[in-house]
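Participant: Take a look at the following structure, please.
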Amino acid sequence: MMLKQAAKKALGLTSRQSTPWSVGIFRSYHENVIDHYDNPRNVGSFDKNDPNVGTGLVGAPACGDVMKLQIKVDEKTGQIVDARFKTFGCGSAIASSSVATEWVKGKAMDDVLTIKNTEIAKHLSLPPVKLHCSMLAEDAIKAAVKDYKEKRVKTNGAAAAGETTQA
Amino acid sequence: MVASMTTLIRRTYPLTSRCNSLATIAAIQSQTQLPRESLQHHSSAEGRLRFSGRVFCSESGGEERRSSGCWNCGEKAAFLFCNSCRSIQPVDDSVDYFQIFGLEKKYEIDPGSLEGKYKDWQKKLHPDLVHNKSKKERDYAAEQSAKVTEACRTLTKRLSRAMYIMKLNGVNVNEEETITDPTLLMEIMELRETISEADDSTALNQIRSQVQEKLKHWSDSFVEAFESQRFDDAVKCIQRMTYYERACEEIVKKL
């Protein structure tokens with residue numbers, strides 16, 4: 001009895017939809033995926049040129065997906081204070097990037113670099129064929145952090161040059 | 001006594017009938033450690049045969065390997081279908097899609113030439129035509145007919161044809177790798193955004209024709225890259241084409 005309940009939960013079926021033997025037959029999206037798809041968090045954009053914004057733009061050419069993930073960083077603390085995403089792709093890709101924006105908020109930049117695609121996939125119960133969607137989200141996070149750091153280097157470099165010429 | 005031993009061995013280790021019994025006995029013997037002397041009088045003039053313990057057949061592959069000719073009447077030139085006795089042949093994996101349609105292995109083909117040939121094949125291979133035949137032949141019909149359908153589908157569309165011809169040349173395009181090319185991705189992002197914001201069919205059709213033009217352009221670039229054996233560039237062309245095809249699909253969905 002307990003095993004059946006666990007199986008139902010894993011497949012995202014509520015008690016209303018219980019059918020004894022057909023549980024294993026339907027391969028539907030997990031309820032977490034549906035939730036992120038219907039109510040995606042943090043859809044939108046920041047101004048790319050804002051010095052506190054890092055933009056990660058990645059794509060999966062095999063399925064024609066494109067994912068943009070942006071982070072807003074507090075320059076004093078190095079913490080990510082806000083995040084936005086925009087993804088054109090399948091439900092799993094959209095959900096993966098939505099989860100990614102939720103998980104990076106409030107974390108230090110170096111912490112988010114340790115977020116693994118397998119954790120995202122597990123949270124969404126992604127089937128093997130959709131694992132690359134979570135990989136795309138992991139790559140998007142890394143790209144956003146990289147972009148922010150490169151921007152900081154440029155602005156610091158420019159500021160330093162400005163100081164020397166003014167002196 | 002040895003005869004019954006042979007029967008016992010054949011039952012526990014089922015093999016295709018093509019393998020000769022001496023090989024069977026010798027192979028099993030190395031596993032069961034029977035004294036060689038009891039089997040001596042079965043040895044052929046070759047003397048002691050050493051086997052590693054694996055079954056060693058004088059012919060390889062058993063039923064999967066196609067000996068030349070029709071399985072039914074032996075007619076030599078039986079390509080997918082034997083015109084002599086009208087029986088359907090089993091699928092030969094070494095036959096590629098271009099061969100099925102009698103086309104040169106080139107990317108540029110006349111898609112109009114596919115339909116006629118496709119219908120001709122299905123008139124001979126379709127499973128509906130073989131209800132009265134043996135199970136074996138009905139299975140062959142199902143597989144051959146499916147392969148011909150898949151071949152037609154693959155060769156009709158430019159993108160799938162491009163990926164297939166790359167595959168035939170040993171380059172597997174469909175790797176699930178992430179790309180970060182900012183120019184391409186920004187262009188695609190903007191394209192998809194424009195599509196999702198467009199409301200009326202005029203705007204959408206306009207975008208669609210622009211994308212079709214891009215598809216044609218990159219298809220031509222693919223041909224150039226492929227024929228000059230610049231496979232990396234060819235892969236990039238295919239990637240772009242994939243993105244444009246996806247965009248077209250989204251437009252069609254909205255229309």
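We label chains A, B, ... in the order they appear in the structure tokens, count residues from 1 in each chain, and number ligands from 1 in the order shown.
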Which chain B residues are at most 10 Å from chain A (counting only C-alpha atoms), as a ChimeraX atom specification?
Facilitator: /B:173-182,184-186,188-189,192-193,196,236,238-247
Participant: As a list in words, please: every residue in range 38-101 of chain A that DSSP puts in alpha helix (DSSP H).
Facilitator: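 Assigned to alpha helix (DSSP H), within range 38-101 of chain A: Asp38, Gly91, Ser92, Ala93, Ile94, Ala95, Ser96, Ser97, Ser98, Val99, Ala100 and Thr101 of chain A.
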Participant: Quick one: everything within 7 Å of range 119-130 of chain B, counting only C-alpha atoms, minus sequence neighbours fewer than 3 positions away in the same chain. Send it as number ranges by chain.
Facilitator: B: 88, 115-116, 133, 138, 141-142, 144-145
Participant: At what distance in Å, to one decimal, does CA of Lys107 in chain A lie from CA of Phe85 in chain A?
Facilitator: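 Computing the Euclidean distance for CA of Phe85 in chain A and CA of Lys107 in chain A yields 16.7 Å.
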Participant: Grab the CA of Asp38 in chain A to CA of Thr114 in chain A distance for me, in Å with one decimal place.
Facilitator: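 Result for CA of Asp38 in chain A versus CA of Thr114 in chain A: 27.5 Å, one decimal.
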Participant: Tell me, as a list of chain:residue names, which residues lie within 12 Å of Pro40 in chain A, counting only C-alpha atoms; anything in the same chain fewer than 6 positions away does not count.
Facilitator: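 Once the nearby chain positions are removed, what remains is A:Asn32, A:Val33, A:Ile34, A:Arg84, A:Phe85, A:Lys86, A:Thr87, A:Gly91, A:Ser92, A:Ala93, A:Ile94, A:Ala95, A:Ser96, A:Ser97, A:Ser98, A:Val99, A:Ala100, A:Thr101, A:Glu102.
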Participant: Include N, CA, C and O atoms and write out the residues we just selected as a compact mmCIF listing (two decimals), in the first residue's frame.
Facilitator:
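The result, stored in out16.txt:
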```txt
# COMPACT_ATOMS: atom_id res chain seq x y z
N ASN A 32 6.05 19.26 -10.27
CA ASN A 32 6.95 20.41 -10.12
C ASN A 32 7.18 21.11 -11.45
O ASN A 32 7.26 22.33 -11.51
N VAL A 33 7.31 20.32 -12.49
CA VAL A 33 7.53 20.89 -13.82
C VAL A 33 6.30 21.68 -14.25
O VAL A 33 6.39 22.81 -14.73
N ILE A 34 5.13 21.06 -14.06
CA ILE A 34 3.88 21.73 -14.45
C ILE A 34 3.74 23.04 -13.69
O ILE A 34 3.35 24.07 -14.24
N ARG A 84 16.50 36.80 -13.17
CA ARG A 84 15.42 36.71 -14.16
C ARG A 84 15.82 35.71 -15.24
O ARG A 84 17.00 35.50 -15.48
N PHE A 85 14.79 35.14 -15.90
CA PHE A 85 15.14 34.25 -17.01
C PHE A 85 14.14 34.43 -18.14
O PHE A 85 13.01 34.89 -17.96
N LYS A 86 14.62 34.02 -19.32
CA LYS A 86 13.73 33.95 -20.49
C LYS A 86 14.19 32.76 -21.30
O LYS A 86 15.33 32.72 -21.75
N THR A 87 13.29 31.80 -21.47
CA THR A 87 13.68 30.58 -22.16
C THR A 87 12.69 30.25 -23.26
O THR A 87 11.47 30.29 -23.04
N GLY A 91 8.94 22.40 -22.02
CA GLY A 91 8.53 22.61 -20.64
C GLY A 91 9.64 22.33 -19.65
O GLY A 91 9.81 23.05 -18.65
N SER A 92 10.43 21.30 -19.93
CA SER A 92 11.52 20.96 -19.00
C SER A 92 12.58 22.04 -18.98
O SER A 92 13.14 22.35 -17.93
N ALA A 93 12.85 22.62 -20.14
CA ALA A 93 13.86 23.69 -20.20
C ALA A 93 13.37 24.92 -19.46
O ALA A 93 14.12 25.54 -18.70
N ILE A 94 12.10 25.25 -19.66
CA ILE A 94 11.53 26.42 -18.98
C ILE A 94 11.55 26.20 -17.47
O ILE A 94 11.96 27.07 -16.70
N ALA A 95 11.12 25.01 -17.06
CA ALA A 95 11.08 24.73 -15.62
C ALA A 95 12.48 24.73 -15.02
O ALA A 95 12.69 25.24 -13.92
N SER A 96 13.44 24.18 -15.74
CA SER A 96 14.82 24.14 -15.23
C SER A 96 15.36 25.54 -15.00
O SER A 96 15.99 25.80 -13.98
N SER A 97 15.12 26.43 -15.94
CA SER A 97 15.65 27.78 -15.78
C SER A 97 14.88 28.52 -14.68
O SER A 97 15.46 29.31 -13.94
N SER A 98 13.59 28.23 -14.55
CA SER A 98 12.81 28.85 -13.47
C SER A 98 13.37 28.43 -12.11
O SER A 98 13.57 29.26 -11.22
N VAL A 99 13.62 27.15 -11.95
CA VAL A 99 14.21 26.63 -10.71
C VAL A 99 15.56 27.28 -10.46
O VAL A 99 15.87 27.70 -9.34
N ALA A 100 16.35 27.41 -11.53
CA ALA A 100 17.69 27.99 -11.39
C ALA A 100 17.61 29.40 -10.83
O ALA A 100 18.37 29.77 -9.92
N THR A 101 16.67 30.21 -11.34
CA THR A 101 16.57 31.59 -10.84
C THR A 101 16.15 31.60 -9.38
O THR A 101 16.59 32.45 -8.61
N GLU A 102 15.34 30.65 -8.99
CA GLU A 102 14.93 30.59 -7.58
C GLU A 102 16.11 30.23 -6.69
O GLU A 102 16.29 30.80 -5.61
```
Participant: Hey, can you check how far CA of Cys85 in chain B sits from CA of Asn132 in chain B?
Facilitator: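 Computed distance, CA of Cys85 in chain B to CA of Asn132 in chain B, equals 14.9 Å.
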Participant: So that I can check the surroundings of Val145 in chain A, please list as a tab-separated table (two decimals) with N, CA and C atoms, in the first residue's frame every protein, DNA and RNA residue that reaches within 10 Å of it, counting only C-alpha atoms and ignoring chain neighbours fewer than 3 positions away.
Facilitator:
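Once written, part14.tsv looks like this:
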```tsv
chain	number	residue	atom	x	y	z
A	53	VAL	N	24.62	43.65	-13.33
A	53	VAL	CA	23.89	42.53	-13.93
A	53	VAL	C	24.84	41.64	-14.72
A	54	GLY	N	24.71	40.34	-14.51
A	54	GLY	CA	25.44	39.37	-15.30
A	54	GLY	C	24.44	38.61	-16.16
A	55	THR	N	24.74	38.47	-17.45
A	55	THR	CA	23.82	37.81	-18.37
A	55	THR	C	24.43	36.54	-18.92
A	56	GLY	N	23.70	35.45	-18.76
A	56	GLY	CA	24.14	34.17	-19.32
A	56	GLY	C	23.21	33.78	-20.46
A	69	LEU	N	19.61	33.74	-18.74
A	69	LEU	CA	19.48	33.84	-17.29
A	69	LEU	C	20.30	35.03	-16.82
A	70	GLN	N	19.66	35.93	-16.07
A	70	GLN	CA	20.37	37.12	-15.61
A	70	GLN	C	20.37	37.18	-14.10
A	71	ILE	N	21.49	37.68	-13.55
A	71	ILE	CA	21.61	37.83	-12.09
A	71	ILE	C	21.91	39.28	-11.77
A	72	LYS	N	21.34	39.72	-10.67
A	72	LYS	CA	21.66	41.06	-10.17
A	72	LYS	C	22.45	40.88	-8.89
A	73	VAL	N	23.65	41.46	-8.88
A	73	VAL	CA	24.58	41.21	-7.78
A	73	VAL	C	24.77	42.48	-6.95
A	80	ILE	N	23.98	37.44	-4.81
A	80	ILE	CA	22.98	37.61	-5.86
A	80	ILE	C	21.67	38.02	-5.20
A	109	MET	N	28.04	34.34	-5.22
A	109	MET	CA	28.30	33.92	-6.61
A	109	MET	C	29.05	32.62	-6.67
A	110	ASP	N	30.03	32.44	-5.82
A	110	ASP	CA	30.80	31.21	-5.90
A	110	ASP	C	29.99	30.01	-5.45
A	112	VAL	N	26.78	29.55	-6.14
A	112	VAL	CA	25.87	29.09	-7.21
A	112	VAL	C	26.62	28.32	-8.29
A	113	LEU	N	27.92	28.51	-8.34
A	113	LEU	CA	28.69	27.75	-9.33
A	113	LEU	C	28.69	26.27	-9.00
A	140	ALA	N	23.78	28.01	-17.94
A	140	ALA	CA	23.30	29.40	-17.96
A	140	ALA	C	23.75	30.13	-16.69
A	141	ILE	N	23.66	29.46	-15.55
A	141	ILE	CA	24.11	30.07	-14.29
A	141	ILE	C	25.58	30.43	-14.39
A	142	LYS	N	26.38	29.48	-14.86
A	142	LYS	CA	27.82	29.70	-14.95
A	142	LYS	C	28.13	30.84	-15.91
A	148	TYR	N	29.24	38.54	-15.40
A	148	TYR	CA	29.33	39.58	-14.37
A	148	TYR	C	30.78	39.83	-13.98
A	149	LYS	N	31.53	38.76	-13.78
A	149	LYS	CA	32.92	38.93	-13.36
A	149	LYS	C	33.74	39.64	-14.43
A	150	GLU	N	33.48	39.28	-15.69
A	150	GLU	CA	34.22	39.94	-16.79
A	150	GLU	C	33.89	41.43	-16.84
A	151	LYS	N	32.62	41.73	-16.58
A	151	LYS	CA	32.23	43.14	-16.58
A	151	LYS	C	32.93	43.90	-15.47
```
Participant: Contacts of Pro90 in chain B at 12 Å or less, counting only C-alpha atoms, minus same-chain residues fewer than 3 places along, as a PyMOL selection string?
Facilitator: chain B and resi 63-67+69-72+78-82+87+93-95+125+136-147
Participant: With a distance cut-off of 12 Å and only C-alpha atoms, select the neighbouring residues of Glu150 in chain B, excluding the residue or stretch itself and same-chain residues fewer than 6 positions from it, and output the selection as a VMD selection string.
Facilitator: chain B and resid 96 to 98 100 to 101 118 143 to 144 156 to 157 160 to 161 164
Participant: Mind the document's chain letters and residue numbers, and return as number ranges by chain the residues of range 8-166 of chain A that DSSP labels strand (DSSP E).
Facilitator: A: 53-60, 65-74, 79-88
Participant: Produce a file of the selected residues containing C-alpha atoms, as a PDB file, in the first residue's frame.
Facilitator:
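Okay, part.pdb is ready:
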```
ATOM      1  CA  VAL A  53      23.893  42.532 -13.930  1.00  0.00           C
ATOM      2  CA  GLY A  54      25.441  39.368 -15.304  1.00  0.00           C
ATOM      3  CA  THR A  55      23.815  37.808 -18.369  1.00  0.00           C
ATOM      4  CA  GLY A  56      24.142  34.167 -19.318  1.00  0.00           C
ATOM      5  CA  LEU A  57      22.948  33.304 -22.830  1.00  0.00           C
ATOM      6  CA  VAL A  58      23.137  29.634 -23.774  1.00  0.00           C
ATOM      7  CA  GLY A  59      21.621  27.367 -26.356  1.00  0.00           C
ATOM      8  CA  ALA A  60      21.004  23.711 -27.109  1.00  0.00           C
ATOM      9  CA  ASP A  65      16.403  25.784 -27.335  1.00  0.00           C
ATOM     10  CA  VAL A  66      17.706  29.136 -26.189  1.00  0.00           C
ATOM     11  CA  MET A  67      17.959  30.252 -22.557  1.00  0.00           C
ATOM     12  CA  LYS A  68      18.824  33.601 -21.017  1.00  0.00           C
ATOM     13  CA  LEU A  69      19.478  33.835 -17.293  1.00  0.00           C
ATOM     14  CA  GLN A  70      20.366  37.121 -15.613  1.00  0.00           C
ATOM     15  CA  ILE A  71      21.607  37.826 -12.095  1.00  0.00           C
ATOM     16  CA  LYS A  72      21.659  41.061 -10.173  1.00  0.00           C
ATOM     17  CA  VAL A  73      24.582  41.210  -7.779  1.00  0.00           C
ATOM     18  CA  ASP A  74      25.134  43.397  -4.743  1.00  0.00           C
ATOM     19  CA  GLN A  79      25.583  38.202  -3.202  1.00  0.00           C
ATOM     20  CA  ILE A  80      22.983  37.613  -5.864  1.00  0.00           C
ATOM     21  CA  VAL A  81      19.977  39.661  -4.897  1.00  0.00           C
ATOM     22  CA  ASP A  82      17.697  38.980  -7.826  1.00  0.00           C
ATOM     23  CA  ALA A  83      17.444  36.854 -10.959  1.00  0.00           C
ATOM     24  CA  ARG A  84      15.422  36.715 -14.157  1.00  0.00           C
ATOM     25  CA  PHE A  85      15.136  34.254 -17.012  1.00  0.00           C
ATOM     26  CA  LYS A  86      13.728  33.952 -20.489  1.00  0.00           C
ATOM     27  CA  THR A  87      13.678  30.577 -22.161  1.00  0.00           C
ATOM     28  CA  PHE A  88      12.370  29.409 -25.509  1.00  0.00           C
TER      29      PHE A  88
END
```
